Amino acid sequence: MPEQGVPTSPIQRAAGPETEPAAGAAVRRTGLLVVLVLGGLTATPPLAMDMYLPSLPEVTRSLHAPAATVQLTLTACLLGMALGQLVVGPMSDRWGRRRPLLTGLAVYVVATGLCALVPTVEALVAFRLAQGLAGAAGIVIARAVVRDLYDGVAMARFFSTLMLVSGVAPIVAPLIGGQILRVTDWRGVFVVLTVVGLLLGALVWAKLPETLPAAERHGGGVGEALHSMRRLLADLPFSGFMLAGSFAFAALFAYIAASPFVIQEIYGASPQTFSLLFGLNSVGLVAAGQINGKVLVGRVSLEKVLGIGLAVVIAAATALLLMSTGVLGETGLVPVAAALFVLMSAMGVTLPNAQALALMRTRHAAGSASALLGTSSFLIGAVASPLVGIAGEHTAVPMAVVQLVAALVALACFMGMCRPWNRRAAAEGADS
């Protein structure tokens with residue numbers, strides 16, 4: 001494995017020592033641009049979901065559908081992103097990163113535009129599924145590109161930097177969504193998302209180079225892709241980091257799916273107030289991610305930071321459950337919002353470190369590894385969505401229960417499968 005903290009591009013690996021300094025300089029010169037492009041790609045999920053969140057109550061009225069059915073539009077999008085990554089990840093290992101990425105973005109734009117035209121909630125669910133399937137390309141390939149370019153601590157730092165860029169999306173998305181609802185209806189949200197998709201596709205076409213040389217691509221087709229995935233899943237620490245990150249994501253998505261109803265319906269906040277609170281929580285996530293990348297990474301082990309992050313998520317979810325059940329007496333919006341802020345901030349150290357630790361286990365088939373990470377996260381998150389609405393719109397108890405259970409399972413997977421106290425085992429990759 002390359003020395004931790006040293007960026008390694010595929011050009012460096014293929015060209016040899018004589019051209020390595022020039023290749024490294026090229027990577028550094030385009031570093032900011034790569035961060036911006038990959039940040040835009042990883043922002044696809046929050047853009048597709050968070051900008052739409054303030055309009056969920058309006059969609060229930062407009063399409064004459066119950067809240068649980070409308071929440072399925074979020075589940076469908078997540079399910080599509082999960083399944084799409086299983087297809088696109090191995091494709092990117094075989095054909096390179098650019099072609100599958102550009103194709104996925106084109107389909108994403110079409111599906112998003114059709115969401116603005118649907119007459120029924122069933123059609124909206126179907127096109128949200130298609131939107132998720134296509135949007136998966138940006139998510140999975142962005143992670144694979146990071147693995148192409150970086151390793152070790154440098155990769156963990158890059159993921160934290162990506163969180164700064166992609167974290168802007170959940171901050172501004174609900175704010176934009178709330179403002180769009182002032183001048184138009186929920187359909188206008190999808191029109192804006194279509195325009196954003198077009199702009200991102202144009203940026204990728206013009207500015208993102210191919211990062212996987214032809215010599216490093218896999219030509220074995222579906223069989224080889226499945227073999228790579230089986231090998232990765234057989235590596236216990238990789239699976240442990242994957243599941244820890246996935247269940248942490250489920251706790252995050254329980255918040256995403258339930259908070260519009262909790263904040264607006266239970267506590268009577270306006271869509272604009274909800275958007276401001278959602279943005280504030282996203283600021284906490286971004287700030288924690290930057291502390292992780294610039295202060296903690298390289299000084300504190302990634303395993304220790306991940307464990308602390310999961311412990312904080314458990315504490316915040318426990319507080320939310322106690323407030324929701326009335327154990328702490330009657331509570332208003334402020335303490336609930338404070339607990340949600342702590343939970344979201346803890347995600348800023350939990351999610352990037354779980355991804356980095358898992359990807360450190362593999363030197364090859366980064367697309368397949370990224371696909372497994374993304375698919376697991378989105379499938380488990382998709383299950384969390386309908387569960388938070390199972391008791392109706394007038395209680396926050398299901399949200400808190402799902403968050404607490406998911407965080408506890410995440411910690412159990414991390415401790416039981418990754419054995420963070422055994423640093424030597426953690427250093428040996430799945431395909432070393």
# chains A, B, ... in the order shown; residues from 1 in each chain; ligands from 1
call {"tool": "residues_around", "arguments": {"residues": "region 133-139 of chain A", "least_positions_apart": "4", "cutoff": "8 Å", "atoms": "only C-alpha atoms", "output": "number ranges by chain"}}
result
A: 41-42, 44-45, 77, 79-85, 88-89, 100-101, 104-105, 107-108, 129, 143, 374
call {"tool": "closest_atom_pairs", "arguments": {"of": "region 51-164 of chain A", "to": "region 229-245 of chain A", "cutoff": "12 Å", "atoms": "only C-alpha atoms", "output": "Markdown table"}}
result
| residue | atom | partner | partner_atom | distance |
| --- | --- | --- | --- | --- |
| A:Leu86 | CA | A:Met229 | CA | 9.6 |
| A:Val87 | CA | A:Met229 | CA | 11.9 |
| A:Gly89 | CA | A:Met229 | CA | 10.5 |
| A:Pro90 | CA | A:Met229 | CA | 9.3 |
call {"tool": "select_by_dssp", "arguments": {"residues": "region 259-412 of chain A", "states": "helix (DSSP H, G or I)", "output": "JSON, numbers by chain"}}
result
{"A": [259, 260, 261, 262, 263, 264, 265, 266, 271, 272, 273, 274, 275, 276, 277, 278, 279, 280, 281, 282, 283, 284, 285, 286, 287, 288, 289, 290, 291, 292, 293, 294, 295, 296, 302, 303, 304, 305, 306, 307, 308, 309, 310, 311, 312, 313, 314, 315, 316, 317, 318, 319, 320, 321, 322, 323, 324, 333, 334, 335, 336, 337, 338, 339, 340, 341, 342, 343, 344, 345, 346, 347, 348, 349, 350, 351, 352, 353, 354, 355, 356, 357, 358, 359, 366, 367, 368, 369, 370, 371, 372, 373, 374, 375, 376, 377, 378, 379, 380, 381, 382, 383, 384, 385, 386, 387, 388, 397, 398, 399, 400, 401, 402, 403, 404, 405, 406, 407, 408, 409, 410, 411, 412]}
call {"tool": "closest_atom_pairs", "arguments": {"of": "region 21-102 of chain A", "to": "region 268-287 of chain A", "cutoff": "12 Å", "atoms": "only C-alpha atoms", "output": "CSV"}}
result
residue,atom,partner,partner_atom,distance
A:Pro46,CA,A:Ser282,CA,10.5
A:Asp50,CA,A:Phe278,CA,8.9
A:Met51,CA,A:Ser275,CA,9.1
A:Tyr52,CA,A:Ser275,CA,10.7
A:Leu53,CA,A:Ser275,CA,8.6
A:Pro54,CA,A:Pro271,CA,5.4
A:Ser55,CA,A:Pro271,CA,7.8
A:Leu56,CA,A:Pro271,CA,9.9
A:Pro57,CA,A:Pro271,CA,9.4
A:Glu58,CA,A:Pro271,CA,10.1
call {"tool": "atom_distance", "arguments": {"atom1": "CA of Val109 (chain A)", "atom2": "CA of Leu181 (chain A)"}}
result
21.1 Å
call {"tool": "closest_residue", "arguments": {"among": "A:Phe158, A:Trp95, A:Tyr267, A:Phe253", "to": "Thr75 (chain A)", "atoms": "only C-alpha atoms"}}
result
A:Phe253
call {"tool": "closest_residue", "arguments": {"among": "A:Gly326, A:Pro386, A:Gly152, A:Gly201", "to": "Ser301 (chain A)", "atoms": "only C-alpha atoms"}}
result
A:Gly152
